[in-house]
Amino acid sequence: MTMAVASPLSGWLTSLDAVPDPVFSERMLGDGVAIDPTEGLVRAPFDGRIVTLHPALHAVTIESGDGVVLMIHIGLETVALGGEGFTAMVAEGDRVRSGDPLIAFDLDVVGRRAKSLITPIVITNGEAFGFTAPSCDRLLMAGEGLFDLRPIENREDVDEAMGIVVERSLLIPLRHGLHARPAARIAELARGFDARVEIVAGDGRRAVALSPVAILALALPHGAEIRLDGRGTEAGQATDAIAALIGSGMGEKLEIAELPVAVPPNRPLPAELRGVTASSGLAIGPAWRLQRRTFSIAEQGAGETEERAALERGLAALRHETGAGEGAAAAIADAHRAFLADPELLAGADRLIAAGKSAGFAWKGSIGRFVEMLENAGDRRFAERIDDLRDLEARMLAALSGEPLDDAAPAGAILVAEVIFPSQMMALRGSGISGIATGGGGPTSHAAIIAAGMGIPMIAALGHDVTRIANGTSLLLDATAATLSIDPPADIIEASRAGRARRAAFRAEAATRAQDDALTQDGARIEVFANLGSVEDAIAAVRNGAEGCGLLRTEFLFLDRPAAPEEDEQYRCYQGIADALDGRPLIVRTLDIGADKPAPYLPMPAEENPALGLRGLRLGLARPELLETQLRALARVSGDVRVMLPMVVEPAEVRRVKSIMEKLGATFPLGIMVETPAAAMLADQLAGDADFFSIGSNDLSQYALAMDRGNPSVAAQLDALHPAVLRLIASTVQGGKRHERWTGVCGGMAADRLAVPILIGLGVTELSVPPAMVAETKEWVRRTTLAAARDLAQAALAMDDARAARALAWRFMEDAA
């Protein structure tokens with residue numbers, strides 16, 4: 001009995017001998033053929049099941065009902081593309097019919113960046129099936145007969161009765177993990193020993209080292225911890241040889257950072273923890289540990305009809321929960337609703353219910369599959385998406401059980417947790433908690449954005465010690481200084497309470513003058529604008545006295561959706577915000593995604609340092625259709641619209657955008673974000689093309705100080721008042737003045753009361769802050785004189801470090817009060 005295999009591609013058929021890669025030409029993965037494709041679509045070569053789909057989407061393995069396992073590897077060295085140019089039309093576990101589309105790929109994109117487009121088609125379990133190579137060097141179409149296979153009888157398996165005699169543990173140092181080439185080399189090496197070696201992943205999944213496909217199915221990324229289990233007379237030699245091969249990196253070695261040292265459980269808790277300011281302010285109160293309930297779920301269901309109905313009830317409850325919120329919270333709720341409507345997520349749960357599983361087990365399984373895929377991608381940009389999915393998993397289990405997921409928060413308490421999810425933040429609205437302290441997270445997380453919008457002081461990236469704080473412990477949370485004091489002395493508490501009372505009186509006074517101009521005592525005008533993300537933010541900003549929008553974050557329109565927004569949708573959004581501002585200036589930042597803000601419709605390869613990669617304006621110029629659509633939408637908006645470009649490093653970039661504007665007939669003022677040291681140092685030249693500057697202090701600080709603001713190990717030391725950062729700001733202001741360009745600040749330091757007088761003294765004339773901080777920022781401006789601020793700025797520039805600059809500014813503000 002033979003089995004027919006159809007061609008999965010249209011193209012030129014050739015022998016594996018012609019493939020310029022020894023992994024394939026030397027049949028390390030198995031025998032087969034290769035096709036140089038003339039179209040970018042891979043189809044199923046027979047009826048079967050998708051065994052593996054590599055996270056980089058460049059390779060797929062399919063198994064027939066007769067046990068044939070065929071791997072199709074699109075191009076050579078395409079794993080490094082990280083999915084760019086590829087679109088998967090199936091998922092692991094899917095059943096397909098012969099001719100069904102599996103993967104679409106862009107011939108131009110992949111062809112330009114890959115070593116070759118030639119696509120090997122390999123029988124990976126050739127020991128079970130006989131293969132006769134077809135006539136090659138000819139053109140064939142997808143669906144035509146490719147070759148026939150016949151089963152080989154009386155195969156003998158390796159004796160496994162001897163038990164495990166050797167175990168070896170190691171970390172994978174390969175830059176792209178165990179993809180096809182290293183998997184093939186491991187299998188080839190394993191065949192030379194009288195032993196059976198298995199590769200065991202950290203979660204217990206196993207793959208026989210003889211099977212490249214089984215190794216691929218583990219989807220093991222760089223840095224993954226594995227164990228080698230060996231059985232047989234040569235188990236020791238086999239495991240040593242395979243461990244040495246993997247440890248060598250096989251030409252793809254990327255050094256693995258040392259694992260963090262475990263903290264002894266009996267180590268005393270520090271008196272103070274330092275983190276990163278997520279939302280400024282001061283809070284005093286007892287610790288309250290937020291702990292989610294766990295739910296036991298039955299694996300087997302009570303019948304398809306009943307379980308599907310239960311799942312639909314749960315989905316309806318979750319959709320209702322995510323319907324509330326405004327501003328950033330509303331945008332995040334929209335993202336969660338998109339997950340709840342995701343056809344692949346729902347189809348995965350439906351398949352498990354059809355297999356007899358319960359609604360809870362099915363939902364958990366479907367969510368888990370997507371979480372595993374994102375984790376195996378090895379890309380930290382997906383961390384918040386993973387958190388969102390886990391959040392939805394927990395909320396569904398709570399909805400199915402009919403019990404609350406989280407306990408009610410006590411009024412006045414300070415919430416402490418390792419991480420907090422967006423849905424938990426939104427549920428805290430109106431709870432009366434006084435502050436939030438988390439071990440993980442960062443200043444740009446969803447939780448931080450919501451906390452700032454709610455006016456709740458929050459510190460992130462405090463480390464694991466946060467989880468050791470007992471309920472009821474007295475805490476002093478100074479989010480402005482990014483410090484959490486644990487069980488501080490009574491006199492410190494009293495002094496802080498007095499300070500909080502003064503701050504409350506200051507806020508009340510500021511609110512009465514919110515609509516007045518911000519003038520220094522010697523008459524210098526400083527414009528105070530607001531950073532916005534929605535119409536609701538704009539309404540709140542105007543109510544609080546904002547004189548305009550200094551930063552409209554347009555990425556909320558582009559994230560957590562299957563396709564980029566069309567021009568009309570963008571126009572309606574921008575016009576709505578302009579209308580809410582009622583003639584006040586609207587400064588719009590063009591699309592700033594990439595790095596830690598990925599979009600599913602813009603597949604980009606994982607980057608070792610995304611903050612230095614394809615992001616901001618670089619992405620806009622690389623994908624001009626996105627930038628042009630956004631500029632066309634903005635050109636239609638009625639109002640005082642100004643546009644600024646993120647991540648600029650040289651004048652040529654601004655000129656390219658200006659040429660696009662001329663082509664589109666767009667005439668609004670064009671400024672730039674100063675976020676890179678390059679832009680600050682070239683400010684005098686950039687000012688010849690840019691109409692204004694707005695300093696993004698968060699990114700400028702991390703680039704100037706070489707500290708990743710998303711890394712808890714160093715983020716607590718990141719301070720925009722470091723003299724190096726201040727000198728870059730001074731350089732920007734001076735460069736702009738040569739062409740009569742104004743400079744503003746829209747980063748976090750604009751809302752830092754210690755930074756405000758220094759910025760004024762450096763020559764900054766516009767500050768853009770969260771809507772809730774507008775009135776206070778205006779009042780800080782009124783408490784100083786321009787002359788005194790200039791003296792302070794010069795003194796701060798001469799300091800050795802940020803701590804000294806802060807101490808200087810603190811004394812200045814105390815005297816001004």
# chains A, B, ... in the order shown; residues from 1 in each chain; ligands from 1
>>> closest_atom_pairs(of="range 438-532 of chain A", to="range 752-761 of chain A", cutoff="12 Å", atoms="only C-alpha atoms", output="Markdown table")
| residue | atom | partner | partner_atom | distance |
| --- | --- | --- | --- | --- |
| A:Ala479 | CA | A:Asp752 | CA | 10.6 |
| A:Thr480 | CA | A:Asp752 | CA | 7.3 |
| A:Ala481 | CA | A:Asp752 | CA | 9.6 |
| A:Ala482 | CA | A:Asp752 | CA | 11.7 |
| A:Arg503 | CA | A:Arg753 | CA | 11.6 |
| A:Ala518 | CA | A:Ile760 | CA | 11.7 |
| A:Leu519 | CA | A:Ile760 | CA | 11.1 |
| A:Thr520 | CA | A:Ile760 | CA | 9.4 |
| A:Ala524 | CA | A:Ile760 | CA | 9.4 |
| A:Arg525 | CA | A:Ile760 | CA | 9.9 |
| A:Ile526 | CA | A:Ile760 | CA | 7.9 |
| A:Glu527 | CA | A:Ile760 | CA | 10.8 |
| A:Val528 | CA | A:Val756 | CA | 11.1 |
>>> residues_around(residues="Arg507 in chain A", least_positions_apart="2", cutoff="12 Å", atoms="only C-alpha atoms", output="PDB file with N, CA and C atoms, in the first residue's frame")
ATOM      1  N   GLY A 281       2.745  60.756  43.852  1.00  0.00           N
ATOM      2  CA  GLY A 281       1.894  61.055  44.996  1.00  0.00           C
ATOM      3  C   GLY A 281       2.417  60.408  46.267  1.00  0.00           C
ATOM      4  N   ARG A 500       1.366  65.480  53.800  1.00  0.00           N
ATOM      5  CA  ARG A 500       0.223  65.140  52.947  1.00  0.00           C
ATOM      6  C   ARG A 500      -0.892  66.168  53.111  1.00  0.00           C
ATOM      7  N   ALA A 501      -1.084  66.652  54.339  1.00  0.00           N
ATOM      8  CA  ALA A 501      -2.107  67.681  54.560  1.00  0.00           C
ATOM      9  C   ALA A 501      -1.745  68.968  53.818  1.00  0.00           C
ATOM     10  N   ARG A 502      -0.440  69.326  53.859  1.00  0.00           N
ATOM     11  CA  ARG A 502      -0.018  70.514  53.113  1.00  0.00           C
ATOM     12  C   ARG A 502      -0.220  70.320  51.612  1.00  0.00           C
ATOM     13  N   ARG A 503       0.051  69.101  51.170  1.00  0.00           N
ATOM     14  CA  ARG A 503      -0.126  68.821  49.728  1.00  0.00           C
ATOM     15  C   ARG A 503      -1.589  68.931  49.343  1.00  0.00           C
ATOM     16  N   ALA A 504      -2.478  68.439  50.205  1.00  0.00           N
ATOM     17  CA  ALA A 504      -3.908  68.520  49.915  1.00  0.00           C
ATOM     18  C   ALA A 504      -4.360  69.972  49.850  1.00  0.00           C
ATOM     19  N   ALA A 505      -3.845  70.806  50.780  1.00  0.00           N
ATOM     20  CA  ALA A 505      -4.192  72.228  50.762  1.00  0.00           C
ATOM     21  C   ALA A 505      -3.653  72.899  49.508  1.00  0.00           C
ATOM     22  N   GLU A 509      -5.868  74.745  46.591  1.00  0.00           N
ATOM     23  CA  GLU A 509      -5.603  76.109  46.133  1.00  0.00           C
ATOM     24  C   GLU A 509      -5.361  76.130  44.631  1.00  0.00           C
ATOM     25  N   ALA A 510      -4.595  75.165  44.152  1.00  0.00           N
ATOM     26  CA  ALA A 510      -4.299  75.099  42.721  1.00  0.00           C
ATOM     27  C   ALA A 510      -5.579  74.929  41.911  1.00  0.00           C
ATOM     28  N   ALA A 511      -6.510  74.142  42.436  1.00  0.00           N
ATOM     29  CA  ALA A 511      -7.754  73.895  41.711  1.00  0.00           C
ATOM     30  C   ALA A 511      -8.566  75.166  41.520  1.00  0.00           C
ATOM     31  N   THR A 512      -8.489  76.083  42.477  1.00  0.00           N
ATOM     32  CA  THR A 512      -9.259  77.325  42.354  1.00  0.00           C
ATOM     33  C   THR A 512      -8.709  78.229  41.256  1.00  0.00           C
ATOM     34  N   ARG A 513      -7.441  78.008  40.860  1.00  0.00           N
ATOM     35  CA  ARG A 513      -6.810  78.852  39.841  1.00  0.00           C
ATOM     36  C   ARG A 513      -6.453  78.037  38.602  1.00  0.00           C
ATOM     37  N   ALA A 514      -7.124  76.904  38.441  1.00  0.00           N
ATOM     38  CA  ALA A 514      -6.749  75.985  37.364  1.00  0.00           C
ATOM     39  C   ALA A 514      -6.860  76.620  35.983  1.00  0.00           C
ATOM     40  N   ASN A 544      -9.503  70.609  33.970  1.00  0.00           N
ATOM     41  CA  ASN A 544      -8.437  70.862  34.948  1.00  0.00           C
ATOM     42  C   ASN A 544      -7.535  72.029  34.559  1.00  0.00           C
ATOM     43  N   ALA A 772      -4.695  65.037  35.410  1.00  0.00           N
ATOM     44  CA  ALA A 772      -4.898  65.255  36.836  1.00  0.00           C
ATOM     45  C   ALA A 772      -3.821  66.141  37.456  1.00  0.00           C
ATOM     46  N   MET A 773      -2.687  66.353  36.744  1.00  0.00           N
ATOM     47  CA  MET A 773      -1.567  67.122  37.306  1.00  0.00           C
ATOM     48  C   MET A 773      -1.500  68.545  36.772  1.00  0.00           C
ATOM     49  N   VAL A 774      -2.437  68.949  35.914  1.00  0.00           N
ATOM     50  CA  VAL A 774      -2.339  70.255  35.259  1.00  0.00           C
ATOM     51  C   VAL A 774      -2.383  71.401  36.270  1.00  0.00           C
ATOM     52  N   ALA A 775      -3.393  71.424  37.122  1.00  0.00           N
ATOM     53  CA  ALA A 775      -3.565  72.540  38.050  1.00  0.00           C
ATOM     54  C   ALA A 775      -2.370  72.673  38.985  1.00  0.00           C
ATOM     55  N   GLU A 776      -1.874  71.540  39.520  1.00  0.00           N
ATOM     56  CA  GLU A 776      -0.724  71.595  40.423  1.00  0.00           C
ATOM     57  C   GLU A 776       0.517  72.093  39.706  1.00  0.00           C
ATOM     58  N   THR A 777       0.725  71.637  38.478  1.00  0.00           N
ATOM     59  CA  THR A 777       1.912  72.062  37.736  1.00  0.00           C
ATOM     60  C   THR A 777       1.890  73.569  37.505  1.00  0.00           C
ATOM     61  N   LYS A 778       0.699  74.098  37.176  1.00  0.00           N
ATOM     62  CA  LYS A 778       0.590  75.551  37.022  1.00  0.00           C
ATOM     63  C   LYS A 778       0.975  76.276  38.315  1.00  0.00           C
ATOM     64  N   GLU A 779       0.549  75.719  39.425  1.00  0.00           N
ATOM     65  CA  GLU A 779       0.830  76.369  40.707  1.00  0.00           C
ATOM     66  C   GLU A 779       2.322  76.310  41.027  1.00  0.00           C
ATOM     67  N   TRP A 780       3.008  75.220  40.664  1.00  0.00           N
ATOM     68  CA  TRP A 780       4.450  75.140  40.889  1.00  0.00           C
ATOM     69  C   TRP A 780       5.173  76.228  40.096  1.00  0.00           C
TER      70      TRP A 780
END
>>> residues_around(residues="Arg803 in chain A", least_positions_apart="3", cutoff="8 Å", atoms="only C-alpha atoms", output="list of chain:residue names")
A:His722, A:Arg806, A:Ala807
>>> residues_around(residues="Val637 in chain A", least_positions_apart="3", cutoff="10 Å", atoms="only C-alpha atoms", output="number ranges by chain")
A: 570-579, 632-634, 640-641
>>> write_last_selection(atoms="all heavy atoms", output="compact mmCIF listing (two decimals), in the first residue's frame")
# COMPACT_ATOMS: atom_id res chain seq x y z
N GLN A 570 -9.40 56.86 11.96
CA GLN A 570 -8.43 57.75 12.61
C GLN A 570 -8.94 59.19 12.62
O GLN A 570 -8.85 59.88 13.64
CB GLN A 570 -7.09 57.67 11.88
CG GLN A 570 -6.39 56.33 12.01
CD GLN A 570 -4.96 56.41 11.51
OE1 GLN A 570 -4.19 57.27 11.91
NE2 GLN A 570 -4.60 55.49 10.64
N TYR A 571 -9.46 59.63 11.48
CA TYR A 571 -9.96 61.01 11.41
C TYR A 571 -11.03 61.27 12.47
O TYR A 571 -11.00 62.29 13.17
CB TYR A 571 -10.52 61.29 10.01
CG TYR A 571 -11.45 62.48 9.97
CD1 TYR A 571 -10.96 63.78 10.12
CD2 TYR A 571 -12.82 62.31 9.82
CE1 TYR A 571 -11.82 64.87 10.12
CE2 TYR A 571 -13.68 63.38 9.81
CZ TYR A 571 -13.17 64.66 9.96
OH TYR A 571 -14.03 65.74 9.96
N ARG A 572 -11.97 60.36 12.60
CA ARG A 572 -13.06 60.55 13.58
C ARG A 572 -12.51 60.66 14.99
O ARG A 572 -12.96 61.48 15.80
CB ARG A 572 -14.07 59.40 13.48
CG ARG A 572 -14.91 59.43 12.21
CD ARG A 572 -16.07 58.45 12.32
NE ARG A 572 -15.61 57.07 12.42
CZ ARG A 572 -15.38 56.27 11.38
NH1 ARG A 572 -15.55 56.74 10.15
NH2 ARG A 572 -14.98 55.02 11.55
N CYS A 573 -11.52 59.84 15.30
CA CYS A 573 -10.91 59.87 16.64
C CYS A 573 -10.20 61.20 16.88
O CYS A 573 -10.41 61.87 17.89
CB CYS A 573 -9.95 58.70 16.80
SG CYS A 573 -9.06 58.71 18.37
N TYR A 574 -9.35 61.60 15.93
CA TYR A 574 -8.59 62.85 16.11
C TYR A 574 -9.53 64.06 16.15
O TYR A 574 -9.32 64.98 16.94
CB TYR A 574 -7.58 63.02 14.97
CG TYR A 574 -6.63 61.85 14.79
CD1 TYR A 574 -6.17 61.48 13.52
CD2 TYR A 574 -6.17 61.12 15.88
CE1 TYR A 574 -5.30 60.42 13.35
CE2 TYR A 574 -5.30 60.05 15.71
CZ TYR A 574 -4.87 59.70 14.43
OH TYR A 574 -4.02 58.65 14.28
N GLN A 575 -10.56 64.05 15.30
CA GLN A 575 -11.47 65.18 15.28
C GLN A 575 -12.25 65.28 16.58
O GLN A 575 -12.50 66.38 17.09
CB GLN A 575 -12.44 65.08 14.10
CG GLN A 575 -13.32 66.31 13.89
CD GLN A 575 -12.50 67.55 13.58
OE1 GLN A 575 -11.85 67.62 12.53
NE2 GLN A 575 -12.51 68.54 14.46
N GLY A 576 -12.61 64.14 17.14
CA GLY A 576 -13.32 64.14 18.42
C GLY A 576 -12.49 64.76 19.53
O GLY A 576 -13.00 65.52 20.37
N ILE A 577 -11.19 64.46 19.54
CA ILE A 577 -10.31 65.03 20.56
C ILE A 577 -10.12 66.53 20.31
O ILE A 577 -10.14 67.34 21.24
CB ILE A 577 -8.96 64.29 20.57
CG1 ILE A 577 -9.19 62.84 21.07
CG2 ILE A 577 -7.94 65.00 21.45
CD1 ILE A 577 -8.00 61.94 20.92
N ALA A 578 -9.95 66.92 19.02
CA ALA A 578 -9.82 68.34 18.69
C ALA A 578 -11.06 69.12 19.11
O ALA A 578 -10.98 70.23 19.64
CB ALA A 578 -9.56 68.51 17.19
N ASP A 579 -12.24 68.52 18.90
CA ASP A 579 -13.49 69.18 19.30
C ASP A 579 -13.55 69.35 20.81
O ASP A 579 -13.99 70.40 21.32
CB ASP A 579 -14.69 68.37 18.82
CG ASP A 579 -14.84 68.40 17.29
OD1 ASP A 579 -14.23 69.28 16.66
OD2 ASP A 579 -15.55 67.53 16.75
N ARG A 632 -2.68 61.66 6.31
CA ARG A 632 -3.88 62.06 5.56
C ARG A 632 -5.05 62.31 6.51
O ARG A 632 -5.81 63.27 6.36
CB ARG A 632 -4.26 60.98 4.54
CG ARG A 632 -3.46 61.02 3.25
CD ARG A 632 -4.14 60.22 2.16
NE ARG A 632 -4.37 58.84 2.57
CZ ARG A 632 -3.52 57.85 2.34
NH1 ARG A 632 -2.37 58.08 1.73
NH2 ARG A 632 -3.81 56.62 2.73
N ALA A 633 -5.20 61.43 7.51
CA ALA A 633 -6.29 61.60 8.48
C ALA A 633 -6.11 62.89 9.27
O ALA A 633 -7.07 63.65 9.48
CB ALA A 633 -6.35 60.40 9.42
N LEU A 634 -4.88 63.18 9.68
CA LEU A 634 -4.62 64.39 10.47
C LEU A 634 -4.83 65.66 9.64
O LEU A 634 -5.26 66.69 10.16
CB LEU A 634 -3.20 64.35 11.02
CG LEU A 634 -2.98 63.35 12.17
CD1 LEU A 634 -1.49 63.13 12.43
CD2 LEU A 634 -3.68 63.82 13.43
N ASP A 640 -6.41 73.45 15.67
CA ASP A 640 -4.99 73.82 15.73
C ASP A 640 -4.17 72.55 15.90
O ASP A 640 -3.72 72.20 17.00
CB ASP A 640 -4.76 74.78 16.90
CG ASP A 640 -3.33 75.30 16.97
OD1 ASP A 640 -2.51 74.89 16.12
OD2 ASP A 640 -3.03 76.11 17.86
N VAL A 641 -3.98 71.84 14.77
CA VAL A 641 -3.31 70.54 14.80
C VAL A 641 -1.82 70.72 14.50
O VAL A 641 -1.45 71.41 13.54
CB VAL A 641 -3.93 69.56 13.79
CG1 VAL A 641 -3.16 68.25 13.78
CG2 VAL A 641 -5.40 69.32 14.12
>>> closest_residue(among="A:Arg175, A:Ala796, A:Ala683, A:Gly275", to="Gly251 in chain A", atoms="only C-alpha atoms")
A:Arg175
>>> closest_residue(among="A:Phe361, A:Val276, A:Gln424, A:Ala80", to="Gly441 in chain A", atoms="only C-alpha atoms")
A:Val276
>>> select_by_dssp(residues="range 546-790 of chain A", states="alpha helix (DSSP H)", output="ChimeraX atom specification")
/A:567-581,617-622,624-635,651-664,677-681,683-686,697-705,712-715,723-737,756-762,774-782,786-790
>>> closest_residue(among="A:Leu70, A:Leu178, A:Ala437, A:Ala238", to="Trp288 in chain A", atoms="only C-alpha atoms")
A:Ala437
>>> residues_around(residues="Gly285 in chain A", least_positions_apart="4", cutoff="8 Å", atoms="only C-alpha atoms", output="ChimeraX atom specification")
/A:412-414,434,474-476
>>> residues_around(residues="Ser659 in chain A", least_positions_apart="4", cutoff="12 Å", atoms="only C-alpha atoms", output="VMD selection string")
chain A and resid 621 628 631 652 to 655 663 to 667 670 689
>>> atom_distance(atom1="CA of Glu555 in chain A", atom2="CA of Ala690 in chain A")
22.1 Å
>>> residues_around(residues="range 195-204 of chain A", least_positions_apart="5", cutoff="12 Å", atoms="only C-alpha atoms", output="VMD selection string")
chain A and resid 157 to 172 178 183 186 to 187 189 to 190 209 to 212 214 to 221 223 to 243 246 372 376
>>> closest_residue(among="A:Ala271, A:Met426, A:Ala622, A:Ala611", to="Thr483 in chain A", atoms="only C-alpha atoms")
A:Ala271
>>> atom_distance(atom1="CA of Ala316 in chain A", atom2="CA of Leu392 in chain A")
12.6 Å
>>> decode(residues="range 529-546 of chain A", atoms="N, CA and C atoms", output="PDB file, in the first residue's frame")
ATOM      1  N   PHE A 529       0.245  72.026  29.162  1.00  0.00           N
ATOM      2  CA  PHE A 529      -0.613  71.200  28.328  1.00  0.00           C
ATOM      3  C   PHE A 529      -0.830  69.845  29.016  1.00  0.00           C
ATOM      4  N   ALA A 530      -1.568  68.959  28.347  1.00  0.00           N
ATOM      5  CA  ALA A 530      -1.847  67.637  28.925  1.00  0.00           C
ATOM      6  C   ALA A 530      -1.496  66.533  27.931  1.00  0.00           C
ATOM      7  N   ASN A 531      -1.035  65.409  28.465  1.00  0.00           N
ATOM      8  CA  ASN A 531      -0.813  64.206  27.665  1.00  0.00           C
ATOM      9  C   ASN A 531      -2.131  63.438  27.583  1.00  0.00           C
ATOM     10  N   LEU A 532      -2.554  63.091  26.374  1.00  0.00           N
ATOM     11  CA  LEU A 532      -3.879  62.502  26.186  1.00  0.00           C
ATOM     12  C   LEU A 532      -3.810  61.180  25.433  1.00  0.00           C
ATOM     13  N   GLY A 533      -4.878  60.389  25.620  1.00  0.00           N
ATOM     14  CA  GLY A 533      -5.021  59.153  24.868  1.00  0.00           C
ATOM     15  C   GLY A 533      -6.430  58.914  24.389  1.00  0.00           C
ATOM     16  N   SER A 534      -7.357  59.870  24.667  1.00  0.00           N
ATOM     17  CA  SER A 534      -8.753  59.662  24.294  1.00  0.00           C
ATOM     18  C   SER A 534      -9.531  60.967  24.434  1.00  0.00           C
ATOM     19  N   VAL A 535     -10.771  60.946  23.951  1.00  0.00           N
ATOM     20  CA  VAL A 535     -11.673  62.092  24.110  1.00  0.00           C
ATOM     21  C   VAL A 535     -11.930  62.348  25.592  1.00  0.00           C
ATOM     22  N   GLU A 536     -12.114  61.282  26.362  1.00  0.00           N
ATOM     23  CA  GLU A 536     -12.387  61.447  27.794  1.00  0.00           C
ATOM     24  C   GLU A 536     -11.217  62.142  28.489  1.00  0.00           C
ATOM     25  N   ASP A 537      -9.980  61.786  28.098  1.00  0.00           N
ATOM     26  CA  ASP A 537      -8.813  62.463  28.661  1.00  0.00           C
ATOM     27  C   ASP A 537      -8.848  63.949  28.325  1.00  0.00           C
ATOM     28  N   ALA A 538      -9.229  64.259  27.084  1.00  0.00           N
ATOM     29  CA  ALA A 538      -9.262  65.668  26.647  1.00  0.00           C
ATOM     30  C   ALA A 538     -10.275  66.465  27.456  1.00  0.00           C
ATOM     31  N   ILE A 539     -11.440  65.894  27.702  1.00  0.00           N
ATOM     32  CA  ILE A 539     -12.473  66.581  28.484  1.00  0.00           C
ATOM     33  C   ILE A 539     -11.968  66.854  29.905  1.00  0.00           C
ATOM     34  N   ALA A 540     -11.319  65.833  30.513  1.00  0.00           N
ATOM     35  CA  ALA A 540     -10.788  66.002  31.866  1.00  0.00           C
ATOM     36  C   ALA A 540      -9.685  67.054  31.883  1.00  0.00           C
ATOM     37  N   ALA A 541      -8.855  67.064  30.842  1.00  0.00           N
ATOM     38  CA  ALA A 541      -7.745  68.014  30.785  1.00  0.00           C
ATOM     39  C   ALA A 541      -8.253  69.449  30.731  1.00  0.00           C
ATOM     40  N   VAL A 542      -9.245  69.697  29.881  1.00  0.00           N
ATOM     41  CA  VAL A 542      -9.810  71.049  29.775  1.00  0.00           C
ATOM     42  C   VAL A 542     -10.441  71.458  31.098  1.00  0.00           C
ATOM     43  N   ARG A 543     -11.120  70.527  31.749  1.00  0.00           N
ATOM     44  CA  ARG A 543     -11.740  70.808  33.036  1.00  0.00           C
ATOM     45  C   ARG A 543     -10.694  71.187  34.080  1.00  0.00           C
ATOM     46  N   ASN A 544      -9.503  70.609  33.970  1.00  0.00           N
ATOM     47  CA  ASN A 544      -8.437  70.862  34.948  1.00  0.00           C
ATOM     48  C   ASN A 544      -7.535  72.029  34.559  1.00  0.00           C
ATOM     49  N   GLY A 545      -7.854  72.724  33.457  1.00  0.00           N
ATOM     50  CA  GLY A 545      -7.109  73.920  33.113  1.00  0.00           C
ATOM     51  C   GLY A 545      -6.044  73.761  32.055  1.00  0.00           C
ATOM     52  N   ALA A 546      -5.995  72.621  31.359  1.00  0.00           N
ATOM     53  CA  ALA A 546      -4.970  72.428  30.323  1.00  0.00           C
ATOM     54  C   ALA A 546      -5.172  73.438  29.198  1.00  0.00           C
TER      55      ALA A 546
END
